[in-house]
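K.L.:
Contents of upload00.csv (CSV, C-alpha atoms):
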chain,number,residue,atom,x,y,z
A,8,MET,CA,0.0,0.0,0.0
A,9,SER,CA,1.5,3.4,-1.1
A,10,ARG,CA,2.0,5.8,1.8
A,11,THR,CA,3.2,9.3,1.0
A,12,ARG,CA,3.7,12.5,3.0
A,13,PHE,CA,4.2,16.0,1.5
A,14,GLU,CA,4.9,19.3,3.3
A,15,HIS,CA,4.9,22.3,1.0
A,16,VAL,CA,1.7,22.0,-1.2
A,17,LYS,CA,-1.5,23.8,-0.5
A,18,ILE,CA,-5.0,23.6,-1.9
A,19,SER,CA,-5.9,27.1,-2.9
A,20,GLY,CA,-9.5,26.5,-4.1
A,21,ILE,CA,-12.2,24.0,-5.2
A,22,THR,CA,-15.2,24.6,-7.4
A,23,CYS,CA,-18.0,22.4,-8.6
A,24,VAL,CA,-20.7,22.6,-11.3
A,25,VAL,CA,-23.6,20.3,-12.1
A,26,PRO,CA,-26.0,20.3,-15.1
A,27,GLU,CA,-29.1,22.4,-14.8
A,28,ASP,CA,-31.4,19.4,-15.7
A,29,PHE,CA,-32.2,17.0,-13.0
A,30,ILE,CA,-34.3,13.9,-12.3
A,31,ARG,CA,-36.2,13.3,-9.0
A,32,ILE,CA,-36.6,9.7,-8.1
A,33,ASP,CA,-40.3,10.3,-7.3
A,34,ASP,CA,-40.8,11.0,-11.0
A,35,GLU,CA,-39.5,7.5,-11.9
A,36,LEU,CA,-42.3,5.4,-10.3
A,37,ALA,CA,-42.9,3.8,-13.7
A,38,PHE,CA,-39.4,2.3,-13.5
A,39,PHE,CA,-40.4,0.6,-10.2
A,40,ASN,CA,-43.4,-1.2,-11.7
A,41,ASN,CA,-45.6,1.7,-10.4
A,42,ASP,CA,-45.0,0.1,-7.0
A,43,VAL,CA,-45.0,2.9,-4.4
A,44,LYS,CA,-43.8,0.6,-1.6
A,45,LEU,CA,-40.9,-0.6,-3.8
A,46,LEU,CA,-39.8,2.9,-4.6
A,47,GLU,CA,-40.1,4.0,-1.0
A,48,ARG,CA,-38.0,1.1,0.2
A,49,ASN,CA,-35.2,2.0,-2.3
A,50,LYS,CA,-35.4,5.6,-1.2
A,51,LYS,CA,-35.0,4.6,2.5
A,52,ILE,CA,-32.2,2.1,2.0
A,53,LEU,CA,-30.1,3.9,-0.6
A,54,GLY,CA,-31.0,7.5,0.1
A,55,LEU,CA,-32.3,8.1,-3.5
A,56,GLY,CA,-33.5,11.6,-4.1
A,57,LYS,CA,-32.4,13.9,-6.9
A,58,ARG,CA,-29.6,13.7,-9.4
A,59,HIS,CA,-28.4,16.2,-12.0
A,60,VAL,CA,-28.0,14.9,-15.5
A,61,ALA,CA,-26.3,16.3,-18.6
A,62,ASP,CA,-28.2,16.7,-21.8
A,63,GLU,CA,-26.8,15.3,-25.1
A,64,ARG,CA,-25.1,18.6,-25.9
A,65,THR,CA,-23.1,18.6,-22.8
A,66,THR,CA,-19.8,16.7,-22.3
A,67,ASN,CA,-17.6,16.0,-19.3
A,68,SER,CA,-15.1,18.5,-20.7
A,69,ASP,CA,-17.8,21.2,-20.8
A,70,LEU,CA,-18.5,20.6,-17.1
A,71,CYS,CA,-14.8,20.6,-16.1
A,72,GLU,CA,-14.0,23.6,-18.2
A,73,ALA,CA,-16.9,25.5,-16.6
A,74,ALA,CA,-15.6,24.6,-13.1
A,75,ALA,CA,-12.1,25.6,-14.1
A,76,ARG,CA,-13.2,29.0,-15.4
A,77,GLU,CA,-15.1,29.7,-12.3
A,78,LEU,CA,-12.1,28.8,-10.1
A,79,LEU,CA,-9.5,30.8,-12.1
A,80,SER,CA,-11.8,33.8,-12.0
A,81,ALA,CA,-12.6,33.6,-8.3
A,82,LEU,CA,-8.9,33.3,-7.4
A,83,ASN,CA,-7.8,35.8,-10.1
A,84,VAL,CA,-5.2,33.4,-11.4
A,85,ASP,CA,-2.8,34.2,-14.3
A,86,LYS,CA,-3.5,31.4,-16.7
A,87,ASP,CA,0.1,31.4,-17.8
A,88,SER,CA,1.1,30.4,-14.3
A,89,ILE,CA,-0.6,27.0,-14.5
A,90,ASP,CA,2.2,24.5,-15.0
A,91,ALA,CA,0.1,21.3,-15.1
A,92,LEU,CA,-3.4,20.3,-15.9
A,93,ILE,CA,-4.7,16.9,-14.9
A,94,VAL,CA,-8.2,15.5,-15.7
A,95,VAL,CA,-9.5,12.5,-13.7
A,96,SER,CA,-12.5,10.8,-15.2
A,97,THR,CA,-14.1,7.7,-16.7
A,98,SER,CA,-16.3,9.9,-19.0
A,99,HIS,CA,-13.7,11.3,-21.4
A,100,ASP,CA,-15.0,12.9,-24.6
A,101,TYR,CA,-12.7,10.8,-26.7
A,102,HIS,CA,-10.4,7.7,-26.5
A,103,TYR,CA,-7.7,10.3,-27.5
A,104,PRO,CA,-6.7,13.0,-27.3
A,105,ALA,CA,-6.7,13.4,-23.6
A,106,SER,CA,-9.4,15.6,-22.2
A,107,ALA,CA,-6.7,17.7,-20.5
A,108,CYS,CA,-5.4,18.6,-23.9
A,109,VAL,CA,-8.8,19.7,-25.2
A,110,ILE,CA,-9.5,21.8,-22.1
A,111,GLN,CA,-6.0,23.3,-22.1
A,112,GLY,CA,-6.8,24.7,-25.6
A,113,ARG,CA,-10.2,25.9,-24.6
A,114,LEU,CA,-8.8,27.7,-21.5
A,115,ALA,CA,-5.9,29.1,-23.5
A,116,LEU,CA,-3.4,28.0,-21.0
A,117,SER,CA,0.3,28.2,-21.8
A,118,GLU,CA,1.7,25.7,-24.3
A,119,ASN,CA,4.3,24.9,-21.6
A,120,CYS,CA,1.6,23.5,-19.4
A,121,THR,CA,1.9,19.7,-19.2
A,122,CYS,CA,-1.5,18.0,-19.7
A,123,PHE,CA,-2.6,14.4,-19.1
A,124,ASP,CA,-5.6,12.3,-18.0
A,125,ILE,CA,-6.0,9.8,-15.2
A,126,SER,CA,-8.5,7.2,-16.4
A,127,GLY,CA,-10.2,4.0,-15.3
A,128,LEU,CA,-10.3,4.5,-11.5
A,129,ALA,CA,-13.6,6.3,-11.3
A,130,CYS,CA,-14.6,7.0,-7.7
A,131,SER,CA,-11.1,6.8,-6.2
A,132,ALA,CA,-9.6,9.0,-9.0
A,133,TYR,CA,-9.8,12.4,-7.3
A,134,VAL,CA,-7.5,11.3,-4.5
A,135,HIS,CA,-5.1,9.9,-7.1
A,136,GLY,CA,-5.3,13.2,-8.9
A,137,LEU,CA,-4.4,15.1,-5.8
A,138,LEU,CA,-1.6,12.7,-5.1
A,139,THR,CA,-0.1,13.2,-8.6
A,140,ALA,CA,-0.4,17.0,-8.3
A,141,HIS,CA,1.3,17.0,-4.9
A,142,SER,CA,4.1,14.8,-6.4
A,143,LEU,CA,4.6,17.1,-9.3
A,144,ILE,CA,4.7,20.2,-7.1
A,145,SER,CA,6.9,18.7,-4.4
A,146,GLY,CA,9.3,17.3,-7.1
A,147,GLY,CA,9.7,20.7,-8.7
A,148,GLY,CA,7.9,19.9,-11.9
A,149,ALA,CA,5.2,22.4,-11.3
A,150,LYS,CA,4.4,25.3,-9.0
A,151,LYS,CA,0.7,25.5,-9.8
A,152,CYS,CA,-1.4,22.5,-10.8
A,153,LEU,CA,-5.1,22.4,-11.9
A,154,VAL,CA,-6.9,19.1,-11.2
A,155,LEU,CA,-10.2,18.7,-12.9
A,156,ALA,CA,-12.4,15.8,-11.7
A,157,GLY,CA,-15.7,15.0,-13.5
A,158,ASP,CA,-17.9,12.3,-14.8
A,159,ILE,CA,-21.2,12.0,-16.7
A,160,THR,CA,-22.1,8.8,-15.0
A,161,SER,CA,-25.7,9.1,-16.0
A,162,ARG,CA,-24.6,7.8,-19.4
A,163,HIS,CA,-22.9,4.8,-18.0
A,164,SER,CA,-26.1,2.8,-18.0
A,165,ASP,CA,-29.6,2.6,-19.5
A,166,ARG,CA,-32.2,4.6,-17.6
A,167,ARG,CA,-34.4,1.5,-17.5
A,168,ASN,CA,-31.8,-0.2,-15.3
A,169,ARG,CA,-32.8,0.1,-11.7
A,170,ASN,CA,-29.7,-1.7,-10.6
A,171,SER,CA,-27.5,1.2,-11.4
A,172,ASN,CA,-28.9,4.2,-13.3
A,173,MET,CA,-30.9,5.6,-10.5
A,174,LEU,CA,-27.7,6.0,-8.5
A,175,PHE,CA,-25.8,8.2,-10.8
A,176,GLY,CA,-25.5,12.0,-11.4
A,177,ASP,CA,-23.1,14.2,-13.3
A,178,ALA,CA,-20.7,16.9,-12.2
A,179,GLY,CA,-17.5,18.7,-13.0
A,180,THR,CA,-15.0,20.1,-10.5
A,181,ALA,CA,-11.8,22.0,-10.4
A,182,THR,CA,-9.0,22.1,-7.7
A,183,LEU,CA,-6.0,24.4,-7.7
A,184,LEU,CA,-2.9,23.3,-5.9
A,185,GLU,CA,0.3,25.3,-5.5
A,186,TYR,CA,3.7,25.3,-3.9
A,187,THR,CA,3.9,27.1,-0.5
A,188,ASP,CA,6.9,27.9,1.8
A,189,GLU,CA,4.5,27.2,4.7
A,190,LEU,CA,4.6,23.8,6.4
A,191,ARG,CA,1.4,22.2,5.2
A,192,PRO,CA,1.7,18.4,5.9
A,193,SER,CA,-0.5,16.2,3.8
A,194,PHE,CA,-0.8,12.4,3.9
A,195,PHE,CA,-1.9,9.9,1.2
A,196,ILE,CA,-2.6,6.2,1.2
A,197,THR,CA,-3.6,4.4,-2.0
A,198,GLY,CA,-4.0,0.8,-3.0
A,199,THR,CA,-5.5,-1.7,-5.5
A,200,ARG,CA,-7.1,-5.1,-5.4
A,201,GLY,CA,-6.6,-5.9,-9.0
A,202,THR,CA,-7.7,-9.5,-8.6
A,203,CYS,CA,-11.2,-8.1,-8.5
A,204,TRP,CA,-10.9,-6.0,-11.6
A,205,ASN,CA,-14.1,-7.4,-13.2
A,206,LYS,CA,-16.4,-6.6,-10.3
A,207,LEU,CA,-17.1,-3.1,-11.7
A,208,ILE,CA,-16.5,-2.8,-15.4
A,209,ALA,CA,-17.7,-1.5,-18.7
A,210,PRO,CA,-16.9,-4.5,-20.9
A,211,ALA,CA,-17.3,-2.9,-24.4
A,212,GLY,CA,-16.1,0.3,-26.0
A,213,GLY,CA,-12.3,-0.1,-25.5
A,214,TYR,CA,-10.0,-2.0,-27.9
A,215,SER,CA,-10.6,-5.4,-26.2
A,216,LEU,CA,-14.3,-5.3,-27.4
A,217,PRO,CA,-14.8,-2.3,-29.8
A,218,MET,CA,-18.3,-1.0,-30.4
A,219,PHE,CA,-19.1,-2.5,-33.8
A,220,SER,CA,-22.5,-3.3,-35.3
A,221,ASP,CA,-22.6,-6.8,-33.8
A,222,ILE,CA,-23.0,-5.4,-30.3
A,223,ALA,CA,-24.1,-1.8,-30.8
A,224,GLY,CA,-27.8,-2.6,-30.6
A,225,LEU,CA,-27.5,-5.6,-28.2
A,226,GLU,CA,-29.6,-5.4,-25.1
A,227,ILE,CA,-29.6,-7.9,-22.3
A,228,THR,CA,-32.5,-8.1,-19.8
A,229,ASP,CA,-31.7,-9.8,-16.5
A,230,ALA,CA,-34.0,-11.8,-14.3
A,231,THR,CA,-35.3,-8.7,-12.5
A,232,GLY,CA,-36.0,-6.8,-15.7
A,233,ASN,CA,-33.0,-4.5,-15.7
A,234,VAL,CA,-31.7,-3.7,-19.2
A,235,TRP,CA,-28.0,-3.8,-19.9
A,236,ARG,CA,-25.8,-3.0,-22.9
A,237,LEU,CA,-22.2,-4.2,-23.2
A,238,CYS,CA,-20.9,-0.6,-23.0
A,239,ASP,CA,-22.7,-0.1,-19.6
A,240,ASP,CA,-21.2,-0.2,-16.2
A,241,ILE,CA,-21.8,-3.7,-14.8
A,242,MET,CA,-21.3,-4.0,-11.0
A,243,LYS,CA,-21.4,-7.1,-8.8
A,244,GLY,CA,-23.1,-5.1,-6.1
A,245,LEU,CA,-22.6,-7.4,-3.1
A,246,ASP,CA,-18.9,-7.9,-3.9
A,247,VAL,CA,-18.4,-4.2,-4.2
A,248,PHE,CA,-20.3,-3.5,-1.0
A,249,LYS,CA,-18.1,-6.0,0.9
A,250,PHE,CA,-15.0,-4.4,-0.7
A,251,THR,CA,-16.0,-0.8,0.4
A,252,THR,CA,-17.0,-1.9,4.0
A,253,ASP,CA,-13.6,-3.7,4.2
A,254,VAL,CA,-11.4,-1.1,2.7
A,255,GLY,CA,-13.2,2.0,4.0
A,256,PRO,CA,-12.9,1.7,7.8
A,257,LYS,CA,-9.4,0.2,7.5
A,258,GLY,CA,-8.3,3.1,5.2
A,259,ILE,CA,-9.5,5.7,7.7
A,260,LYS,CA,-7.7,3.9,10.6
A,261,ASP,CA,-4.5,3.6,8.5
A,262,ILE,CA,-4.5,7.3,7.4
A,263,LEU,CA,-5.0,8.5,11.0
A,264,GLU,CA,-2.1,6.2,12.2
A,265,PHE,CA,0.1,7.2,9.3
A,266,SER,CA,-0.4,10.9,10.0
A,267,GLY,CA,-0.2,10.5,13.7
A,268,LYS,CA,-3.5,12.2,14.2
A,269,SER,CA,-6.6,11.3,16.2
A,270,MET,CA,-10.2,11.2,15.2
A,271,GLU,CA,-10.7,14.5,17.2
A,272,TYR,CA,-8.1,16.2,15.1
A,273,ILE,CA,-10.2,15.9,11.9
A,274,ASP,CA,-12.7,18.6,11.2
A,275,TYR,CA,-14.5,16.8,8.4
A,276,PHE,CA,-14.5,13.4,6.7
A,277,ALA,CA,-15.4,13.6,3.0
A,278,PHE,CA,-16.6,10.2,1.8
A,279,HIS,CA,-17.1,9.1,-1.7
A,280,GLN,CA,-20.9,9.4,-2.1
A,281,ALA,CA,-21.6,5.9,-3.5
A,282,ASN,CA,-25.0,5.8,-1.7
A,283,LYS,CA,-26.3,6.6,1.7
A,284,GLN,CA,-26.1,3.0,2.9
A,285,ILE,CA,-22.5,2.6,2.0
A,286,VAL,CA,-21.4,6.0,3.5
A,287,ARG,CA,-23.2,5.3,6.8
A,288,THR,CA,-21.9,1.8,7.0
A,289,VAL,CA,-18.3,2.8,6.4
A,290,ALA,CA,-18.5,5.7,8.8
A,291,MET,CA,-20.1,3.5,11.5
A,292,TYR,CA,-17.4,0.8,11.3
A,293,ALA,CA,-14.7,3.5,11.3
A,294,GLY,CA,-16.2,5.2,14.3
A,295,VAL,CA,-16.6,8.6,12.6
A,296,PRO,CA,-18.9,10.9,14.6
A,297,GLY,CA,-22.2,11.8,12.8
A,298,ASP,CA,-21.4,15.5,12.9
A,299,LYS,CA,-18.2,15.0,11.0
A,300,TYR,CA,-19.5,13.6,7.8
A,301,SER,CA,-22.5,13.7,5.5
A,302,ALA,CA,-24.4,11.0,3.5
A,303,GLU,CA,-26.9,13.6,2.3
A,304,THR,CA,-24.9,14.8,-0.7
A,305,PHE,CA,-25.8,11.5,-2.4
A,306,SER,CA,-29.5,12.3,-2.0
A,307,GLN,CA,-29.1,15.7,-3.6
A,308,TYR,CA,-26.7,14.9,-6.4
A,309,GLY,CA,-26.3,11.1,-6.7
A,310,ASN,CA,-23.1,9.2,-7.2
A,311,CYS,CA,-21.0,11.6,-9.4
A,312,GLY,CA,-18.1,9.2,-9.9
A,313,SER,CA,-14.7,10.8,-9.7
A,314,ALA,CA,-16.3,14.1,-8.7
A,315,ALA,CA,-18.5,12.7,-5.9
A,316,VAL,CA,-16.2,13.4,-3.0
A,317,THR,CA,-15.5,16.9,-4.4
A,318,VAL,CA,-19.2,17.6,-4.7
A,319,ASP,CA,-19.5,16.7,-1.0
A,320,ILE,CA,-16.7,19.0,-0.1
A,321,CYS,CA,-18.3,22.0,-1.9
A,322,ARG,CA,-21.7,21.2,-0.6
A,323,GLN,CA,-20.6,20.9,3.0
A,324,LEU,CA,-17.6,23.2,3.4
A,325,SER,CA,-18.5,26.2,1.2
A,326,GLN,CA,-20.5,27.8,4.1
A,327,LYS,CA,-18.7,26.0,7.0
A,328,PRO,CA,-14.9,26.0,6.3
A,329,ALA,CA,-12.7,23.2,7.7
A,330,LYS,CA,-9.0,23.0,8.2
A,331,ASN,CA,-8.2,19.3,8.6
A,332,VAL,CA,-10.1,17.2,6.1
A,333,CYS,CA,-9.9,13.5,5.5
A,334,LEU,CA,-11.0,12.1,2.1
A,335,ALA,CA,-12.1,8.5,1.8
A,336,THR,CA,-12.6,7.1,-1.7
A,337,PHE,CA,-13.0,3.6,-3.2
A,338,GLY,CA,-13.6,2.8,-6.9
A,339,VAL,CA,-13.0,0.8,-10.0
A,340,GLY,CA,-10.0,-1.5,-10.2
A,341,LEU,CA,-10.8,-2.2,-7.4
A,342,SER,CA,-8.9,0.8,-6.0
A,343,TRP,CA,-8.9,3.1,-3.1
A,344,GLY,CA,-7.5,6.4,-2.0
A,345,PHE,CA,-7.4,8.1,1.4
A,346,CYS,CA,-5.8,11.4,2.2
A,347,LEU,CA,-5.5,14.0,5.0
A,348,VAL,CA,-5.1,17.5,3.7
A,349,ASP,CA,-5.0,21.0,5.2
A,350,MET,CA,-7.7,23.2,3.6
A,351,GLU,CA,-7.2,26.2,5.8
A,352,GLY,CA,-7.8,29.4,3.8
A,353,ALA,CA,-8.9,27.5,0.7
A,354,TYR,CA,-11.7,29.0,-1.5
A,355,ILE,CA,-14.5,26.5,-1.5
A,356,SER,CA,-17.4,27.4,-3.8
A,357,PRO,CA,-21.0,26.2,-3.4
A,358,VAL,CA,-22.3,23.8,-6.0
A,359,HIS,CA,-23.3,25.8,-9.1
A,360,LEU,CA,-25.6,25.0,-12.0
A,361,HIS,CA,-24.1,24.8,-15.5
A,362,HIS,CA,-26.3,26.1,-18.3
A,363,THR,CA,-25.6,24.5,-21.7
A,364,PRO,CA,-24.5,27.1,-24.2
A,365,ALA,CA,-27.0,27.5,-27.1
A,366,ASP,CA,-24.4,26.8,-29.7
A,367,ASN,CA,-23.3,23.4,-28.4
A,368,MET,CA,-23.9,20.7,-31.0
A,369,ASN,CA,-26.5,18.0,-30.5
A,370,ARG,CA,-25.7,14.3,-31.4
A,371,GLN,CA,-26.8,14.6,-35.1
A,372,GLN,CA,-24.8,17.7,-35.6
A,373,LYS,CA,-21.7,16.0,-34.2
A,374,ILE,CA,-22.2,13.0,-36.5
A,375,ASP,CA,-22.5,15.4,-39.5
A,376,TYR,CA,-19.5,17.3,-38.4
A,377,TRP,CA,-17.3,14.2,-38.2
A,378,ILE,CA,-18.6,12.8,-41.5
A,379,SER,CA,-17.5,16.0,-43.2
A,380,TYR,CA,-14.2,16.0,-41.3
A,381,PHE,CA,-13.4,12.5,-42.5
A,382,LYS,CA,-14.4,13.3,-46.1
A,383,GLU,CA,-11.8,16.0,-46.2
A,384,GLY,CA,-9.1,13.3,-46.1
A,385,ASN,CA,-5.7,13.3,-44.4
A,386,ASN,CA,-4.2,16.1,-46.5
A,387,ALA,CA,-6.9,18.7,-46.1
Show this structure as structure tokens.
P.N.:
Amino acid sequence: MSRTRFEHVKISGITCVVPEDFIRIDDELAFFNNDVKLLERNKKILGLGKRHVADERTTNSDLCEAAARELLSALNVDKDSIDALIVVSTSHDYHYPASACVIQGRLALSENCTCFDISGLACSAYVHGLLTAHSLISGGGAKKCLVLAGDITSRHSDRRNRNSNMLFGDAGTATLLEYTDELRPSFFITGTRGTCWNKLIAPAGGYSLPMFSDIAGLEITDATGNVWRLCDDIMKGLDVFKFTTDVGPKGIKDILEFSGKSMEYIDYFAFHQANKQIVRTVAMYAGVPGDKYSAETFSQYGNCGSAAVTVDICRQLSQKPAKNVCLATFGVGLSWGFCLVDMEGAYISPVHLHHTPADNMNRQQKIDYWISYFKEGNNA
């Protein structure tokens, strides 16, 4: 298990945006066989409430770019001073180029800014992004690093699928980290249980199983009526629940021991908002006091993948700042990331709505654009 300490990196600010459109679980009674008791049972156990979802004209890069613009404006940052841009996501606009390259161009950052993506970790990715940014800054490779965490997880499954789709919402976030002469100790623990790589996976869409015509329209209906496509997230729910309740409490214990801090020292625990049941179970087994964490962010925004823990930070700490914050995340791989960071003086924005620009292309316009682009040939 990787354990790392840094001393001269600070988090200067965090912003978060969600799409303006949303779905209330109460409006989805038809997906629960019009059974009010079944819907209410799911609401009570999982904490289902509302989730914001992007329309077809909005991409993950759009959300992350909007969060970045808000943050740079709020902190009055010279864009030429950004040395590194990291995007953590499982909802990249393209296989390549990296979303970081796309957003770097849109933001008009310096061409000397190094840009790359962290992919395939989903819900633990934000902590890995923070770890990478801390490493770059501590190693002298950058003085200011922008970490953008976002996902459009509502597109990772069919809306008819009551095993997963009802859990997921969309969000984009931005975090600015920079070098400081102050002593700002931060601590990270990360790890991976790769033997369980297939417990949470989207089987098709990569180069192992490309999306060709033989599977593009394929739909599988399971025994309980959930509809699956091979490009959807497929989760072995009980196995993942056992994983989180094993890794979560242990990770919190380990990060406290590694940092030499007590539970009382921590002002706030930001959990990955998988669902209310998981958050409460992990917190209970870890012995986290109820006034030091929230499971309600899930009920307001759903599971936002790599951005979920950051959405929780913005929702909870924008009006009630905290200094010593512990992040607890677990995700695809199966992977995990825990960290203890000092957020004293950081700008934390409330969660803002993102309004889709009128000139964003819809799906058909995008198809027409790329058909035209291909027809131009390689030498155009």
K.L.:
Rounded to one decimal, what separation in Å do you get between CA of Thr199 (chain A) and CA of Cys71 (chain A)?
P.N.:
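These atoms are spaced 26.4 Å apart.
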K.L.:
I'd like to know which of A:Thr121, A:Thr202, A:Thr139, A:Thr160 is closest to Asn67 (chain A), using all atoms listed in the file.
P.N.:
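Nearest to Asn67 (chain A): A:Thr160.
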K.L.:
Restricting the calculation to all atoms listed in the file, which member of A:Ser266, A:Ser193, A:Glu14, A:Thr336 is positioned closest to Thr251 (chain A)?
P.N.:
A:Thr336
K.L.:
Distance CA of Ser161 (chain A)-CA of Cys346 (chain A), one decimal place?
P.N.:
27.1 Å
K.L.:
Env of Ser145 (chain A): 12 Å cut, atoms = all atoms listed in the file, seq-sep filter 2 positions within chain, self excluded. Answer as a compact mmCIF listing (two decimals) with C-alpha atoms, in the coordinates of the input.
P.N.:
# COMPACT_ATOMS: atom_id res chain seq x y z
CA THR A 11 3.20 9.30 1.00
CA ARG A 12 3.70 12.50 3.00
CA PHE A 13 4.20 16.00 1.50
CA GLU A 14 4.90 19.30 3.30
CA HIS A 15 4.90 22.30 1.00
CA VAL A 16 1.70 22.00 -1.20
CA LYS A 17 -1.50 23.80 -0.50
CA LEU A 137 -4.40 15.10 -5.80
CA LEU A 138 -1.60 12.70 -5.10
CA THR A 139 -0.10 13.20 -8.60
CA ALA A 140 -0.40 17.00 -8.30
CA HIS A 141 1.30 17.00 -4.90
CA SER A 142 4.10 14.80 -6.40
CA LEU A 143 4.60 17.10 -9.30
CA GLY A 147 9.70 20.70 -8.70
CA GLY A 148 7.90 19.90 -11.90
CA ALA A 149 5.20 22.40 -11.30
CA LYS A 150 4.40 25.30 -9.00
CA LYS A 151 0.70 25.50 -9.80
CA CYS A 152 -1.40 22.50 -10.80
CA LEU A 184 -2.90 23.30 -5.90
CA GLU A 185 0.30 25.30 -5.50
CA TYR A 186 3.70 25.30 -3.90
CA THR A 187 3.90 27.10 -0.50
CA ASP A 188 6.90 27.90 1.80
CA ARG A 191 1.40 22.20 5.20
CA PRO A 192 1.70 18.40 5.90
CA SER A 193 -0.50 16.20 3.80
K.L.:
Can you list, as an MDAnalysis selection string, every protein, DNA or RNA residue that comes within 7 Å of region 307-324 of chain A when you count all atoms listed in the file, leaving out same-chain residues fewer than 4 positions away?
P.N.:
chainID A and resid 22:23 56:59 95:96 129:133 156:158 160 174:180 277:282 303 328:329 355:358
K.L.:
Can I get the selected residues back with C-alpha atoms, as a CSV table (one decimal), in the frame of the given file?
P.N.:
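As written to disk, selection_35.csv reads:
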chain,number,residue,atom,x,y,z
A,22,THR,CA,-15.2,24.6,-7.4
A,23,CYS,CA,-18.0,22.4,-8.6
A,56,GLY,CA,-33.5,11.6,-4.1
A,57,LYS,CA,-32.4,13.9,-6.9
A,58,ARG,CA,-29.6,13.7,-9.4
A,59,HIS,CA,-28.4,16.2,-12.0
A,95,VAL,CA,-9.5,12.5,-13.7
A,96,SER,CA,-12.5,10.8,-15.2
A,129,ALA,CA,-13.6,6.3,-11.3
A,130,CYS,CA,-14.6,7.0,-7.7
A,131,SER,CA,-11.1,6.8,-6.2
A,132,ALA,CA,-9.6,9.0,-9.0
A,133,TYR,CA,-9.8,12.4,-7.3
A,156,ALA,CA,-12.4,15.8,-11.7
A,157,GLY,CA,-15.7,15.0,-13.5
A,158,ASP,CA,-17.9,12.3,-14.8
A,160,THR,CA,-22.1,8.8,-15.0
A,174,LEU,CA,-27.7,6.0,-8.5
A,175,PHE,CA,-25.8,8.2,-10.8
A,176,GLY,CA,-25.5,12.0,-11.4
A,177,ASP,CA,-23.1,14.2,-13.3
A,178,ALA,CA,-20.7,16.9,-12.2
A,179,GLY,CA,-17.5,18.7,-13.0
A,180,THR,CA,-15.0,20.1,-10.5
A,277,ALA,CA,-15.4,13.6,3.0
A,278,PHE,CA,-16.6,10.2,1.8
A,279,HIS,CA,-17.1,9.1,-1.7
A,280,GLN,CA,-20.9,9.4,-2.1
A,281,ALA,CA,-21.6,5.9,-3.5
A,282,ASN,CA,-25.0,5.8,-1.7
A,303,GLU,CA,-26.9,13.6,2.3
A,328,PRO,CA,-14.9,26.0,6.3
A,329,ALA,CA,-12.7,23.2,7.7
A,355,ILE,CA,-14.5,26.5,-1.5
A,356,SER,CA,-17.4,27.4,-3.8
A,357,PRO,CA,-21.0,26.2,-3.4
A,358,VAL,CA,-22.3,23.8,-6.0
K.L.:
What is the CA of Leu360 (chain A) to CA of Ala75 (chain A) distance in Å?
P.N.:
13.7 Å
K.L.:
List the neighbours of Ala290 (chain A) out to 8 Å using all atoms listed in the file; skip same-chain residues closer than 5 positions along the sequence, and give me the result as an mmCIF file with C-alpha atoms, in the coordinates of the input.
P.N.:
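Final file, result_28.cif:
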data_model
loop_
_atom_site.group_PDB
_atom_site.id
_atom_site.type_symbol
_atom_site.label_atom_id
_atom_site.label_comp_id
_atom_site.auth_asym_id
_atom_site.auth_seq_id
_atom_site.Cartn_x
_atom_site.Cartn_y
_atom_site.Cartn_z
ATOM 1 C CA PRO A 256 -12.900 1.700 7.800
ATOM 2 C CA VAL A 295 -16.600 8.600 12.600
ATOM 3 C CA PRO A 296 -18.900 10.900 14.600
#
K.L.:
Determine, using only C-alpha atoms, which residues of region 42-88 of chain A have any atom at most 12 Å from an atom of region 367-372 of chain A, and tabulate each with its shortest atom pair and distance in Å to one decimal place, rows ordered by chain and then rising number, as JSON lines.
P.N.:
{"residue": "A:Asp62", "atom": "CA", "partner": "A:Asn369", "partner_atom": "CA", "distance": 9.0}
{"residue": "A:Glu63", "atom": "CA", "partner": "A:Asn369", "partner_atom": "CA", "distance": 6.0}
{"residue": "A:Arg64", "atom": "CA", "partner": "A:Asn369", "partner_atom": "CA", "distance": 4.8}
{"residue": "A:Thr65", "atom": "CA", "partner": "A:Asn367", "partner_atom": "CA", "distance": 7.4}
{"residue": "A:Thr66", "atom": "CA", "partner": "A:Asn367", "partner_atom": "CA", "distance": 9.7}
{"residue": "A:Asp69", "atom": "CA", "partner": "A:Asn367", "partner_atom": "CA", "distance": 9.6}
K.L.:
Give me the residues of region 39-108 of chain A that have any atom at most 12 Å from an atom of region 220-242 of chain A; for each, the nearest atom pair and the distance in Å, rounded to one decimal. Use all atoms listed in the file, sort by chain and number, and format it as JSON lines.
P.N.:
{"residue": "A:Phe39", "atom": "CA", "partner": "A:Gly232", "partner_atom": "CA", "distance": 10.2}
{"residue": "A:Asn40", "atom": "CA", "partner": "A:Gly232", "partner_atom": "CA", "distance": 10.1}
{"residue": "A:Thr97", "atom": "CA", "partner": "A:Asp240", "partner_atom": "CA", "distance": 10.6}
{"residue": "A:Ser98", "atom": "CA", "partner": "A:Asp240", "partner_atom": "CA", "distance": 11.6}
K.L.:
For Glu189 (chain A), which of A:Asp366, A:Glu27, A:Asp253, A:Glu351 is the closest residue, counting only C-alpha atoms?
P.N.:
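Smallest distance to Glu189 (chain A) is found for A:Glu351.
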K.L.:
So that I can check the surroundings of Ser106 (chain A), please list as number ranges by chain every protein, DNA and RNA residue that reaches within 10 Å of it, counting only C-alpha atoms and ignoring chain neighbours fewer than 5 positions away.
P.N.:
A: 67-68, 71, 92-96, 98-101, 111, 122-125, 155
K.L.:
Using only C-alpha atoms, collect all residues at a distance of at most 9 Å from (-37.6, 2.4, -11.1) as written in the file, then present them as a list in words.
P.N.:
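Residues with an atom close enough to that point: Ile32, Glu35, Leu36, Ala37, Phe38, Phe39, Asn40, Asn41, Asp42, Leu45, Leu46, Arg166, Arg167, Asn168, Arg169, Asn170 and Met173 of chain A.
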